[in-house]
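Data from query08.txt: compact mmCIF, N, CA, C and O atoms
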# COMPACT_ATOMS: atom_id res chain seq x y z
N MET A 87 -131.72 47.51 -61.40
CA MET A 87 -132.35 48.55 -60.61
C MET A 87 -132.29 49.87 -61.36
O MET A 87 -131.25 50.26 -61.87
N LYS A 88 -133.43 50.55 -61.41
CA LYS A 88 -133.49 51.83 -62.10
C LYS A 88 -132.85 52.91 -61.24
O LYS A 88 -132.91 52.88 -60.02
N GLN A 89 -132.26 53.88 -61.93
CA GLN A 89 -131.65 55.01 -61.24
C GLN A 89 -132.75 55.87 -60.64
O GLN A 89 -133.78 56.10 -61.26
N ARG A 90 -132.54 56.34 -59.43
CA ARG A 90 -133.54 57.18 -58.77
C ARG A 90 -133.60 58.55 -59.41
O ARG A 90 -132.60 59.09 -59.86
N ILE A 91 -134.80 59.08 -59.44
CA ILE A 91 -135.04 60.44 -59.95
C ILE A 91 -134.61 61.41 -58.85
O ILE A 91 -134.91 61.21 -57.68
N ASN A 92 -133.90 62.47 -59.25
CA ASN A 92 -133.48 63.46 -58.27
C ASN A 92 -133.85 64.87 -58.74
O ASN A 92 -134.38 65.03 -59.84
N ALA A 93 -133.55 65.85 -57.93
CA ALA A 93 -133.94 67.24 -58.20
C ALA A 93 -133.36 67.76 -59.51
O ALA A 93 -133.96 68.61 -60.17
N ARG A 94 -132.20 67.26 -59.91
CA ARG A 94 -131.53 67.74 -61.12
C ARG A 94 -131.97 67.00 -62.39
O ARG A 94 -131.52 67.32 -63.48
N THR A 95 -132.84 66.01 -62.23
CA THR A 95 -133.34 65.27 -63.40
C THR A 95 -134.26 66.18 -64.19
O THR A 95 -135.09 66.89 -63.63
N ARG A 96 -134.09 66.16 -65.50
CA ARG A 96 -134.93 67.00 -66.36
C ARG A 96 -136.31 66.38 -66.53
O ARG A 96 -136.45 65.16 -66.58
N VAL A 97 -137.31 67.25 -66.63
CA VAL A 97 -138.70 66.80 -66.75
C VAL A 97 -138.86 65.88 -67.96
O VAL A 97 -139.46 64.81 -67.87
N TYR A 98 -138.30 66.26 -69.10
CA TYR A 98 -138.47 65.44 -70.30
C TYR A 98 -137.85 64.06 -70.13
O TYR A 98 -138.36 63.07 -70.64
N GLU A 99 -136.74 63.97 -69.37
CA GLU A 99 -136.11 62.67 -69.13
C GLU A 99 -137.02 61.77 -68.28
O GLU A 99 -137.11 60.58 -68.53
N VAL A 100 -137.64 62.36 -67.28
CA VAL A 100 -138.53 61.58 -66.42
C VAL A 100 -139.65 60.98 -67.26
O VAL A 100 -139.94 59.78 -67.17
N MET A 101 -140.28 61.81 -68.08
CA MET A 101 -141.41 61.34 -68.88
C MET A 101 -140.99 60.31 -69.92
O MET A 101 -141.71 59.35 -70.20
N LYS A 102 -139.80 60.48 -70.48
CA LYS A 102 -139.31 59.55 -71.51
C LYS A 102 -138.87 58.22 -70.91
O LYS A 102 -139.22 57.16 -71.42
N LEU A 103 -138.13 58.28 -69.82
CA LEU A 103 -137.55 57.07 -69.24
C LEU A 103 -138.48 56.32 -68.30
O LEU A 103 -138.33 55.13 -68.09
N TYR A 104 -139.42 57.04 -67.71
CA TYR A 104 -140.31 56.45 -66.70
C TYR A 104 -141.78 56.76 -67.03
O TYR A 104 -142.40 57.61 -66.38
N PRO A 105 -142.34 56.09 -68.01
CA PRO A 105 -143.72 56.39 -68.42
C PRO A 105 -144.75 56.23 -67.31
O PRO A 105 -145.81 56.85 -67.35
N GLY A 106 -144.43 55.47 -66.28
CA GLY A 106 -145.35 55.30 -65.16
C GLY A 106 -145.52 56.57 -64.33
O GLY A 106 -146.39 56.63 -63.46
N THR A 107 -144.70 57.58 -64.58
CA THR A 107 -144.79 58.84 -63.85
C THR A 107 -145.63 59.89 -64.58
O THR A 107 -145.99 60.91 -64.01
N THR A 108 -145.92 59.63 -65.84
CA THR A 108 -146.56 60.64 -66.69
C THR A 108 -147.91 61.10 -66.15
O THR A 108 -148.17 62.31 -66.10
N ASP A 109 -148.77 60.18 -65.75
CA ASP A 109 -150.08 60.57 -65.24
C ASP A 109 -149.95 61.52 -64.04
O ASP A 109 -150.68 62.51 -63.94
N TYR A 110 -149.05 61.20 -63.14
CA TYR A 110 -148.85 62.04 -61.96
C TYR A 110 -148.37 63.43 -62.35
O TYR A 110 -148.87 64.44 -61.85
N LEU A 111 -147.40 63.50 -63.25
CA LEU A 111 -146.90 64.80 -63.70
C LEU A 111 -148.01 65.61 -64.38
O LEU A 111 -148.13 66.81 -64.14
N LEU A 112 -148.82 64.96 -65.18
CA LEU A 112 -149.91 65.66 -65.85
C LEU A 112 -150.94 66.16 -64.85
O LEU A 112 -151.53 67.23 -65.05
N GLU A 113 -151.19 65.41 -63.78
CA GLU A 113 -152.09 65.88 -62.73
C GLU A 113 -151.60 67.19 -62.12
O GLU A 113 -152.40 68.02 -61.69
N LEU A 114 -150.29 67.37 -62.09
CA LEU A 114 -149.69 68.58 -61.55
C LEU A 114 -149.50 69.66 -62.63
O LEU A 114 -148.87 70.68 -62.38
N ASN A 115 -150.05 69.40 -63.82
CA ASN A 115 -149.90 70.29 -64.98
C ASN A 115 -148.45 70.46 -65.40
O ASN A 115 -148.01 71.53 -65.79
N ILE A 116 -147.70 69.39 -65.28
CA ILE A 116 -146.31 69.37 -65.73
C ILE A 116 -146.26 68.41 -66.91
O ILE A 116 -146.45 67.21 -66.75
N CYS A 117 -146.03 68.96 -68.10
CA CYS A 117 -146.01 68.08 -69.26
C CYS A 117 -144.67 68.13 -70.00
O CYS A 117 -144.44 67.35 -70.89
N GLY A 118 -143.82 69.07 -69.66
CA GLY A 118 -142.53 69.15 -70.32
C GLY A 118 -142.57 69.88 -71.64
O GLY A 118 -141.54 70.13 -72.25
N CYS A 119 -143.76 70.26 -72.09
CA CYS A 119 -143.85 70.91 -73.40
C CYS A 119 -144.12 72.40 -73.28
O CYS A 119 -143.81 73.15 -74.19
N SER A 120 -144.70 72.85 -72.20
CA SER A 120 -145.04 74.26 -72.09
C SER A 120 -144.49 74.86 -70.80
O SER A 120 -145.13 75.64 -70.14
N LEU A 121 -143.30 74.48 -70.46
CA LEU A 121 -142.69 74.93 -69.21
C LEU A 121 -141.65 76.01 -69.45
O LEU A 121 -140.75 76.18 -68.67
N GLY A 122 -141.78 76.75 -70.53
CA GLY A 122 -140.76 77.73 -70.87
C GLY A 122 -140.91 79.07 -70.19
O GLY A 122 -140.33 80.04 -70.62
N GLU A 123 -141.66 79.15 -69.08
CA GLU A 123 -141.88 80.42 -68.42
C GLU A 123 -140.66 80.90 -67.63
O GLU A 123 -140.60 82.02 -67.21
N ILE A 124 -139.71 80.03 -67.39
CA ILE A 124 -138.54 80.40 -66.61
C ILE A 124 -137.54 81.09 -67.53
O ILE A 124 -137.03 80.47 -68.47
N PRO A 125 -137.27 82.36 -67.29
CA PRO A 125 -136.37 83.12 -68.17
C PRO A 125 -135.01 82.45 -68.31
O PRO A 125 -134.43 81.99 -67.33
N GLY A 126 -134.53 82.39 -69.52
CA GLY A 126 -133.21 81.85 -69.79
C GLY A 126 -133.14 80.34 -69.92
O GLY A 126 -132.08 79.79 -70.13
N LYS A 127 -134.27 79.66 -69.78
CA LYS A 127 -134.26 78.19 -69.90
C LYS A 127 -135.32 77.75 -70.90
O LYS A 127 -136.44 78.23 -70.87
N ARG A 128 -134.92 76.82 -71.76
CA ARG A 128 -135.88 76.20 -72.67
C ARG A 128 -136.55 75.06 -71.93
O ARG A 128 -135.99 74.49 -71.00
N SER A 129 -137.76 74.70 -72.36
CA SER A 129 -138.51 73.63 -71.69
C SER A 129 -137.69 72.37 -71.53
O SER A 129 -137.75 71.72 -70.49
N ILE A 130 -136.92 72.01 -72.54
CA ILE A 130 -136.16 70.75 -72.51
C ILE A 130 -135.07 70.77 -71.44
O ILE A 130 -134.61 69.73 -71.02
N GLU A 131 -134.67 71.94 -70.99
CA GLU A 131 -133.61 72.06 -70.00
C GLU A 131 -134.11 72.05 -68.56
O GLU A 131 -133.33 71.93 -67.63
N LEU A 132 -135.41 72.20 -68.36
CA LEU A 132 -135.94 72.38 -67.01
C LEU A 132 -135.84 71.11 -66.18
O LEU A 132 -136.22 70.03 -66.60
N THR A 133 -135.33 71.29 -64.98
CA THR A 133 -135.22 70.18 -64.04
C THR A 133 -136.46 70.14 -63.15
O THR A 133 -137.24 71.11 -63.10
N LEU A 134 -136.62 69.07 -62.42
CA LEU A 134 -137.72 68.98 -61.47
C LEU A 134 -137.60 70.08 -60.42
O LEU A 134 -138.60 70.64 -59.97
N GLU A 135 -136.39 70.40 -60.04
CA GLU A 135 -136.15 71.47 -59.08
C GLU A 135 -136.66 72.80 -59.62
O GLU A 135 -137.32 73.56 -58.91
N ASP A 136 -136.37 73.10 -60.88
CA ASP A 136 -136.84 74.34 -61.52
C ASP A 136 -138.36 74.43 -61.48
O ASP A 136 -138.93 75.44 -61.11
N VAL A 137 -139.00 73.34 -61.90
CA VAL A 137 -140.45 73.32 -62.00
C VAL A 137 -141.10 73.41 -60.62
O VAL A 137 -142.08 74.14 -60.43
N ALA A 138 -140.56 72.69 -59.66
CA ALA A 138 -141.11 72.73 -58.30
C ALA A 138 -141.03 74.14 -57.73
O ALA A 138 -141.99 74.64 -57.14
N ARG A 139 -139.91 74.78 -57.95
CA ARG A 139 -139.73 76.15 -57.45
C ARG A 139 -140.72 77.10 -58.14
O ARG A 139 -141.39 77.90 -57.50
N GLU A 140 -140.82 77.00 -59.45
CA GLU A 140 -141.70 77.87 -60.23
C GLU A 140 -143.17 77.67 -59.89
O GLU A 140 -143.94 78.62 -59.85
N ARG A 141 -143.56 76.43 -59.65
CA ARG A 141 -144.98 76.10 -59.41
C ARG A 141 -145.32 75.98 -57.93
O ARG A 141 -146.42 75.59 -57.58
N ASN A 142 -144.35 76.26 -57.06
CA ASN A 142 -144.55 76.17 -55.61
C ASN A 142 -145.02 74.77 -55.19
O ASN A 142 -145.98 74.61 -54.44
N ILE A 143 -144.32 73.76 -55.70
CA ILE A 143 -144.58 72.36 -55.38
C ILE A 143 -143.50 71.89 -54.42
O ILE A 143 -142.32 72.20 -54.60
N ASN A 144 -143.88 71.14 -53.41
CA ASN A 144 -142.92 70.59 -52.47
C ASN A 144 -142.02 69.58 -53.20
O ASN A 144 -142.49 68.52 -53.61
N LEU A 145 -140.76 69.94 -53.35
CA LEU A 145 -139.82 69.13 -54.14
C LEU A 145 -139.63 67.74 -53.53
O LEU A 145 -139.61 66.75 -54.26
N GLU A 146 -139.48 67.66 -52.24
CA GLU A 146 -139.26 66.34 -51.61
C GLU A 146 -140.44 65.41 -51.84
O GLU A 146 -140.25 64.23 -52.13
N LYS A 147 -141.65 65.92 -51.70
CA LYS A 147 -142.84 65.09 -51.94
C LYS A 147 -142.94 64.69 -53.40
O LYS A 147 -143.32 63.56 -53.72
N LEU A 148 -142.61 65.61 -54.29
CA LEU A 148 -142.63 65.31 -55.73
C LEU A 148 -141.67 64.18 -56.04
O LEU A 148 -142.03 63.20 -56.70
N LEU A 149 -140.44 64.27 -55.55
CA LEU A 149 -139.44 63.24 -55.81
C LEU A 149 -139.83 61.90 -55.19
O LEU A 149 -139.65 60.85 -55.81
N GLU A 150 -140.37 61.96 -53.99
CA GLU A 150 -140.81 60.73 -53.32
C GLU A 150 -141.87 60.01 -54.15
O GLU A 150 -141.79 58.79 -54.36
N GLU A 151 -142.84 60.74 -54.64
CA GLU A 151 -143.93 60.14 -55.41
C GLU A 151 -143.42 59.63 -56.77
O GLU A 151 -143.79 58.53 -57.20
N LEU A 152 -142.58 60.39 -57.42
CA LEU A 152 -142.04 59.95 -58.71
C LEU A 152 -141.23 58.67 -58.55
O LEU A 152 -141.38 57.72 -59.33
N ASN A 153 -140.39 58.62 -57.54
CA ASN A 153 -139.57 57.42 -57.32
C ASN A 153 -140.41 56.21 -56.90
O ASN A 153 -140.05 55.08 -57.19
N ARG A 154 -141.51 56.46 -56.26
CA ARG A 154 -142.42 55.36 -55.90
C ARG A 154 -143.04 54.74 -57.15
O ARG A 154 -143.32 53.55 -57.18
N ARG A 155 -143.18 55.54 -58.19
CA ARG A 155 -143.86 55.08 -59.42
C ARG A 155 -142.92 54.44 -60.44
O ARG A 155 -143.38 53.94 -61.45
N ILE A 156 -141.61 54.46 -60.19
CA ILE A 156 -140.71 53.86 -61.19
C ILE A 156 -140.42 52.41 -60.86
O ILE A 156 -140.64 51.95 -59.78

Using structure tokens, write down the structure from this file.
Amino acid sequence: MKQRINARTRVYEVMKLYPGTTDYLLELNICGCSLGEIPGKRSIELTLEDVARERNINLEKLLEELNRRI
């Protein structure tokens, strides 16, 4: 059984470990490569929680959809 994706999971980990989620993330303009807009954080450090907050995305719905795709 795969580990569930949670709010603290980093974007790059999701894309690397769960390729079935990539299309959905790209639809939301989340690619893990240009997410450095959050002061003090490099793109590789950004969690789903960080991105959801920054992009005004419903975190619970995001996690639900990502976990459905793994």

Q.
Would you pick out the contacts of Asp136 of chain A at 8 Å or less, using all atoms listed in the file, so that residues sharing its chain but fewer than 2 positions from it are not included, and give the list as number ranges by chain?
A. A: 93-95, 121, 124, 131-134, 138-143

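The coordinates place atom O of Glu135 of chain A at 16.3 Å from atom CA of Met101 of chain A.
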
Q: Just give me the gap between atom N of Cys117 of chain A and atom C of Gln89 of chain A in Å, one decimal is fine.
A: 20.1 Å

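The two atoms in question, atom CA of Arg154 of chain A and atom CA of Val97 of chain A, are spaced 16.2 Å apart.
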
Q) Got a sec to tell me which of chain A DSSP assigns to alpha helix (DSSP H), as a ChimeraX atom specification? A) /A:97-103,108-113,134-141,145-154

Env of segment 108-113 of chain A: 8 Å cut, atoms = all atoms listed in the file, seq-sep filter 4 positions within chain, self excluded. Answer as an mmCIF file with N, CA, C and O atoms, keeping the file's coordinate frame.
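Output file result-v5.cif follows:
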data_model
loop_
_atom_site.group_PDB
_atom_site.id
_atom_site.type_symbol
_atom_site.label_atom_id
_atom_site.label_comp_id
_atom_site.auth_asym_id
_atom_site.auth_seq_id
_atom_site.Cartn_x
_atom_site.Cartn_y
_atom_site.Cartn_z
ATOM 1 N N VAL A 100 -137.640 62.360 -67.280
ATOM 2 C CA VAL A 100 -138.530 61.580 -66.420
ATOM 3 C C VAL A 100 -139.650 60.980 -67.260
ATOM 4 O O VAL A 100 -139.940 59.780 -67.170
ATOM 5 N N MET A 101 -140.280 61.810 -68.080
ATOM 6 C CA MET A 101 -141.410 61.340 -68.880
ATOM 7 C C MET A 101 -140.990 60.310 -69.920
ATOM 8 O O MET A 101 -141.710 59.350 -70.200
ATOM 9 N N LYS A 102 -139.800 60.480 -70.480
ATOM 10 C CA LYS A 102 -139.310 59.550 -71.510
ATOM 11 C C LYS A 102 -138.870 58.220 -70.910
ATOM 12 O O LYS A 102 -139.220 57.160 -71.420
ATOM 13 N N TYR A 104 -139.420 57.040 -67.710
ATOM 14 C CA TYR A 104 -140.310 56.450 -66.700
ATOM 15 C C TYR A 104 -141.780 56.760 -67.030
ATOM 16 O O TYR A 104 -142.400 57.610 -66.380
ATOM 17 N N CYS A 117 -146.030 68.960 -68.100
ATOM 18 C CA CYS A 117 -146.010 68.080 -69.260
ATOM 19 C C CYS A 117 -144.670 68.130 -70.000
ATOM 20 O O CYS A 117 -144.440 67.350 -70.890
ATOM 21 N N GLY A 118 -143.820 69.070 -69.660
ATOM 22 C CA GLY A 118 -142.530 69.150 -70.320
ATOM 23 C C GLY A 118 -142.570 69.880 -71.640
ATOM 24 O O GLY A 118 -141.540 70.130 -72.250
ATOM 25 N N GLU A 151 -142.840 60.740 -54.640
ATOM 26 C CA GLU A 151 -143.930 60.140 -55.410
ATOM 27 C C GLU A 151 -143.420 59.630 -56.770
ATOM 28 O O GLU A 151 -143.790 58.530 -57.200
ATOM 29 N N LEU A 152 -142.580 60.390 -57.420
ATOM 30 C CA LEU A 152 -142.040 59.950 -58.710
ATOM 31 C C LEU A 152 -141.230 58.670 -58.550
ATOM 32 O O LEU A 152 -141.380 57.720 -59.330
ATOM 33 N N ARG A 155 -143.180 55.540 -58.190
ATOM 34 C CA ARG A 155 -143.860 55.080 -59.420
ATOM 35 C C ARG A 155 -142.920 54.440 -60.440
ATOM 36 O O ARG A 155 -143.380 53.940 -61.450
#

Q) Out of A:Ile91, A:Val137, A:Leu148, A:Ile156, which residue has the shortest atom-to-atom distance to Gly106 of chain A when counting only C-alpha atoms? A) A:Ile156

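Restricting the calculation to only C-alpha atoms, the smallest distance between Leu149 of chain A and any of A:Leu114, A:Pro105, A:Ile130, A:Arg90 is found for A:Arg90.
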
Centre, x/y/z edge lengths, axis-aligned box for segment 140-149 of chain A with 8 Å per side, as JSON:
{"center_x": -142.8, "center_y": 69.7, "center_z": -55.9, "size_x": 23.2, "size_y": 33.8, "size_z": 24.6}
